[in-house]
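> A single structure is presented below for examination.
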Number of protein chains: 10
Amino acid sequence: MQRTDVTEMIITERILRGIKWADVAERVGLSKEWVTAGCLGQMTFTAKHAAIIGDIFGLPEEAVLVLQQPPYRGSLPTAVPTDPLIYRFYELVSVYGSTFKALIHEEFGDGIMSAIDFRMDMQREPDPAGDRVSITMSGKFLPYKTY
Amino acid sequence: MQRTDVTEMIITERILRGIKWADVAERVGLSKEWVTAGCLGQMTFTAKHAAIIGDIFGLPEEAVLVLQQPPYRGSLPTAVPTDPLIYRFYELVSVYGSTFKALIHEEFGDGIMSAIDFRMDMQREPDPAGDRVSITMSGKFLPYKTY
Amino acid sequence: MQRTDVTEMIITERILRGIKWADVAERVGLSKEWVTAGCLGQMTFTAKHAAIIGDIFGLPEEAVLVLQQPPYRGSLPTAVPTDPLIYRFYELVSVYGSTFKALIHEEFGDGIMSAIDFRMDMQREPDPAGDRVSITMSGKFLPYKTY
Amino acid sequence: MQRTDVTEMIITERILRGIKWADVAERVGLSKEWVTAGCLGQMTFTAKHAAIIGDIFGLPEEAVLVLQQPPYRGSLPTAVPTDPLIYRFYELVSVYGSTFKALIHEEFGDGIMSAIDFRMDMQREPDPAGDRVSITMSGKFLPYKTY
Amino acid sequence: MQRTDVTEMIITERILRGIKWADVAERVGLSKEWVTAGCLGQMTFTAKHAAIIGDIFGLPEEAVLVLQQPPYRGSLPTAVPTDPLIYRFYELVSVYGSTFKALIHEEFGDGIMSAIDFRMDMQREPDPAGDRVSITMSGKFLPYKTY
Amino acid sequence: MQRTDVTEMIITERILRGIKWADVAERVGLSKEWVTAGCLGQMTFTAKHAAIIGDIFGLPEEAVLVLQQPPYRGSLPTAVPTDPLIYRFYELVSVYGSTFKALIHEEFGDGIMSAIDFRMDMQREPDPAGDRVSITMSGKFLPYKTY
Amino acid sequence: MQRTDVTEMIITERILRGIKWADVAERVGLSKEWVTAGCLGQMTFTAKHAAIIGDIFGLPEEAVLVLQQPPYRGSLPTAVPTDPLIYRFYELVSVYGSTFKALIHEEFGDGIMSAIDFRMDMQREPDPAGDRVSITMSGKFLPYKTY
Amino acid sequence: MQRTDVTEMIITERILRGIKWADVAERVGLSKEWVTAGCLGQMTFTAKHAAIIGDIFGLPEEAVLVLQQPPYRGSLPTAVPTDPLIYRFYELVSVYGSTFKALIHEEFGDGIMSAIDFRMDMQREPDPAGDRVSITMSGKFLPYKTY
Amino acid sequence: MQRTDVTEMIITERILRGIKWADVAERVGLSKEWVTAGCLGQMTFTAKHAAIIGDIFGLPEEAVLVLQQPPYRGSLPTAVPTDPLIYRFYELVSVYGSTFKALIHEEFGDGIMSAIDFRMDMQREPDPAGDRVSITMSGKFLPYKTY
Amino acid sequence: MQRTDVTEMIITERILRGIKWADVAERVGLSKEWVTAGCLGQMTFTAKHAAIIGDIFGLPEEAVLVLQQPPYRGSLPTAVPTDPLIYRFYELVSVYGSTFKALIHEEFGDGIMSAIDFRMDMQREPDPAGDRVSITMSGKFLPYKTY
């Protein structure tokens, strides 16, 4: 049994049982972003959290153990994603990539924004011209140092 | 003269003249994110704004005209970016892509976050454990409709 | 059970039962373009429409639930399609891509034609020199805005 | 001198002289779609039309000759286009490709829509919710025959 | 059951039953080139011909129905084929591609040779220095037209 | 000076001087297929033939020497060609590749059709329903042997 | 049953039965290079030799028939091999490829070394500084001819 | 000035001066295989040998220095070579790769044939049925060791 | 049964039995780096070591035999790894690759660091600012020689 | 002037002036690994260090400014490097990638080794069986955290 098998079980059971990601996150007691990423095979659960996940989705014992192993990450089947929703994020990296680089360097000097020491929050932003998706990302700045 | 030539002129002059992106944005009167993206060849300037950019960087007349044409967008030389700073954003799409999809669909139904009707703000977030890069994105939700 | 499994069931049953896409669309009460795309795994059905689809093709209950989930879109096995019929459309993008861009920008300014707020109609166009395929596409123009 | 050189001359001169594609088409006496595609290096002009193009853009004699040679077609720098406007068309092929195939086969039997014996018309479609881009394509159906 | 499954059945049964492609073609009453391409999943059979194929290879009823559906074409597992026999044809396209283009344009003007309105004949050409493979292809010339 | 430079000179001079490939072949005294392939950088000329080519196109002495060197072959800029005329040949390899393999093996046993000991002839085939391109290829069969 | 299935059976049985390739070759009566390539799915066996192979590895009747069919060749899962031993050969082609070309052309004129009319012998070459792998290849030179 | 510039100078001068690779090797006093690979940018020359090469091809002083630097190796423009002569070697790796692996492991155990501690010799092998290219390679066996 | 099947068994059993790689290495009596690589399908075990591995993970007899065969190496599913931990090593090769090359050549002359005659040690390096991963690699230098 | 231009100047001047990387590092007062990476376009110099580099290699003023800008990193022309020395490092990532992952996770839990907060030291390791390249890497462990 591999992590991708567990992810598929979770996706199937979620549909059959009519579970919401927000409710899963609430029962786990962490943000919906991190918990959903974990359920979709991208994060490692503690034993306690894995047990909760196992309970919610009715997973077998082995699957609960697998959830506690660091997964081989990467949730997309192709280097350039074909799904329109996900592609839009890829497009933002393509169009704004050099801008991210220029502005972070101007503000912080040479280094990167960590994708590990990182958190994210996604909210609905009501707007009379049509509601908006609002995403706030926060990653620690890591400077390149000389040695 | 192509837009990439103008971008290269701007990058060179910025270094030689010691110009800051934030100052360019202030003179143009728009956000630093949009103006930097424009200077790096990803947005179309109005005649008035192009003239200001031309003035700041000492661009020839033809370059000022080129800035007013919609560019062929995409700021990265390879499909998977090699620069570590930009790669981290690509990694976020790879790791969190299916999570973005799951949560947006749960909140809004089927559709996408627009990358066109979109704005972004990047800030330094002071933190005793090391300052953080904070990015807020806001894109209009566009639903798939039946017909 | 994944959406691709449901798509395969539909394709198989359609052949065995001798069903026409146009008739499926009629029973659903929407255009043949949208309904066929949905049956081929590219659109999300409402509960009511999914039940009709399930009835037509004799799908199990789980499949009917899966039809109501936003799918991971993209109907082609390779980035450049090998099937001659589909390749011709890819070729049109390749040959006319820069023309689409030039003319839309000339008429509307900088922005895109939405592929989400979009509809399509395909008809036979009788012609003495051989009938023609006529496709009409309509997508909302989305302007890039400054911020 | 290669066709891509001529294309670049035309693009540059168009900006410098403030020429509109629609006006070029009118002087040539053909549709704006075909003429723009030709100016962007995808179609072959007759001697008479090439002379008009040369006159409008002030091209050298050699360029006018090059316009009369069938070009090596393909207007995109990468197999999957990075420009958002053009990508949306690629996305339509990706999402609707199998639908195009299913519906054309249902209506016409096995065969393809020609991308050679083909014409296209692009119009602005006024809409109170935001104007739309309307594209009508017409391509001859070519049946596969036995032999 | 997909067309690739039917193709695999035919390939297996052909070996087990010791059937020759030429004999299949004779029973179908069409050329060996077209019939073999059909058996290998590239052409659509009529009901009558599909029944004959089903009889020759002992196919189940569902397979006979599948043979009557236009297949997703493309018989090679990679964009550049690895099998030496098939690679030689790819090499001919690579080496002679620009020659095909130059000579067809010189003779016919701008356009293409149809790969749909197309027929092919393959024969052994006896030669004292070693027999040769002789292939004759005939495809309708389709001109690009202005509009 | 590289062979690609010489090819480009020939292509340019051919347009400027209004030369036909068939006439070049006649002066060289070989088939139009082989001579055109040579002019397009795919074959090696003898000193005598290179001199004739140099004379026809007004090439400098160094270019005439370069024509006598075996070139690095391959006339296409991408693995999958984007030009519609050349793509149709690639499509034939894709669709008919496994058929070529099956029929050659049935007739000759295991081996390949040589792309080196090979000749080709292209003719216009008049047809009331539209003239056709007729191509005859002949390549020596080379058997795999045991050892 | 496909050839790759037969190859996998042979690989498995070889391990379980502790068979050496050299012994298989001896029983077949051909070189170890050709026989091993055949067992690994790259060559076609005669009925007699296939029967011997079937006997050695305990293959079912159908597998013995499959061994007599020309296989779809190519033994590597990726275009650039990842296995270090095989990669070293790819590296030799990459580093020495232009040298092979230059020296063969200098000695023989324009043409190729056949990979079909080809034989190979691999031996241990004792050396006090560490034994060496010695490979001798012999392929017929095939000249490009004019026509 | 980069090594590729020096390689191009050597290639051009060799044609203009009518130099043979074998003669270059003789003057250098090493094998024709190693010396040609060096001239084509794949090996590092000593100061003495670089001076000889510089003398033969009339290279400027800087080029002679560049010849003494280890080059960035790899002589092919694409991962899968398009030139037929070089492709045949790639094909041998593709077809015989798993055989090389099986036989070297059977004879030597786990390890590789070095492509660094390596030498090669290419000869004409006269044959009444057509002369053959004979290549002998010798690479040190390097065992994987435990630690 | 293929090596990848054995690797998957080991990975699964390790989770179910709660085994640590360091303990496996201790029982085998070799470094944790080599033993883990072997368990993950990248090294060949001796009969004695394979038996120990089989005992620890409860593998069937056939799996123990498979562990003694040189594997087809390469542990990553894509050329550019998507897992963030492994990607960081790829990034080091990308960023420091030319530096590795420059410094090894300066110190040793032209040649390579062997990846076969190689050993590695990974340790935790305590650090008040956060513990560090320390990796020491040692590979034999192999010089290119002339011949 | 781009960073790649400056890198090329440095590489050229280093050869012409006979400069050693170790001496450059000594004058800058930092490790040879970091300084060489910087000279090869992968690190950002302070104004003081850039002036020293400019002095050593005789760079123009603009180049000295460019050295102080964070570069677009990535030192390799292809995703899979063709140079044998650099490829060996890629091979280590390919063969040992899953081992790095397993052992770091076992020792530290889920997270990565930073490639930013990172240092490296390369030394000659004398060995009677042939000197070895010894590389010590040290990167901060960054844990994935929940949120």
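Labels used: A, B, ... for chains in the order of the structure tokens, numbers from 1 for residues in each chain, and numbers from 1 for ligands as shown.
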Find the nearest atom pair between each residue of chain G and chain F for residues within 6 Å, count only C-alpha atoms, give distances in Å to one decimal, sort rows by chain and ascending number, and present the table as CSV.


```
residue,atom,partner,partner_atom,distance
G:Leu30,CA,F:Tyr147,CA,5.9
G:Ser31,CA,F:Tyr147,CA,5.9
G:Pro70,CA,F:Asp110,CA,5.6
G:Asp110,CA,F:Pro70,CA,5.6
G:Ile116,CA,F:Tyr144,CA,5.5
G:Tyr144,CA,F:Ile116,CA,5.5
G:Tyr147,CA,F:Ser31,CA,5.8
```

> Quick one: everything within 8 Å of Arg132 in chain B, counting only C-alpha atoms, minus sequence neighbours fewer than 4 positions away in the same chain. Send it as a ChimeraX atom specification.

/A:113,138-141 /B:124-127

> May I have all residues of chain E that DSSP, computed from the backbone, assigns to helix (DSSP H, G or I), given as number ranges by chain?

E: 3-17, 21-28, 32-39, 47-57, 61-66, 84-108

> Do you have the CA of Arg17 in chain F-CA of Leu59 in chain D distance handy?

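Answer for the CA of Arg17 in chain F to CA of Leu59 in chain D separation: 18.5 Å.
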
> In Å to one decimal, how far is CA of Ile86 in chain A from CA of Glu61 in chain C?

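Taking CA of Glu61 in chain C and CA of Ile86 in chain A, their separation equals 28.6 Å.
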
> DSSP on the backbone: what in chain J comes out strand (DSSP E or B), as a list in words?

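Written out, the strand (DSSP E or B) residues of chain J are Gly111, Ile112, Met113, Ser114, Ala115, Ile116, Asp117, Phe118, Arg119, Met120, Asp121, Met122, Gln123, Arg124, Glu125, Arg132, Val133, Ser134, Ile135, Thr136, Met137, Ser138, Gly139, Lys140, Phe141, Leu142 and Pro143 of chain J.
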
> Quick one: write out the picked residues with C-alpha atoms as a compact mmCIF listing (two decimals), in the first residue's frame?


```txt
# COMPACT_ATOMS: atom_id res chain seq x y z
CA GLY J 111 11.45 18.32 6.26
CA ILE J 112 14.33 19.10 3.92
CA MET J 113 18.02 19.95 3.89
CA SER J 114 18.29 23.60 2.91
CA ALA J 115 20.12 24.39 -0.32
CA ILE J 116 20.21 28.06 0.71
CA ASP J 117 21.53 27.92 4.28
CA PHE J 118 24.19 25.67 2.92
CA ARG J 119 27.96 25.40 2.67
CA MET J 120 30.30 23.05 0.90
CA ASP J 121 33.96 22.10 1.02
CA MET J 122 35.85 20.14 -1.61
CA GLN J 123 39.24 18.54 -0.89
CA ARG J 124 41.74 16.12 -2.36
CA GLU J 125 41.81 12.93 -0.33
CA ARG J 132 39.82 10.78 -4.23
CA VAL J 133 37.56 13.81 -4.43
CA SER J 134 36.06 14.50 -1.01
CA ILE J 135 33.06 16.78 -0.73
CA THR J 136 31.46 17.80 2.56
CA MET J 137 28.07 19.44 2.42
CA SER J 138 26.26 21.01 5.31
CA GLY J 139 22.72 22.31 5.03
CA LYS J 140 20.35 23.37 7.75
CA PHE J 141 17.48 21.00 8.37
CA LEU J 142 14.15 22.77 7.80
CA PRO J 143 11.14 20.93 9.25
```
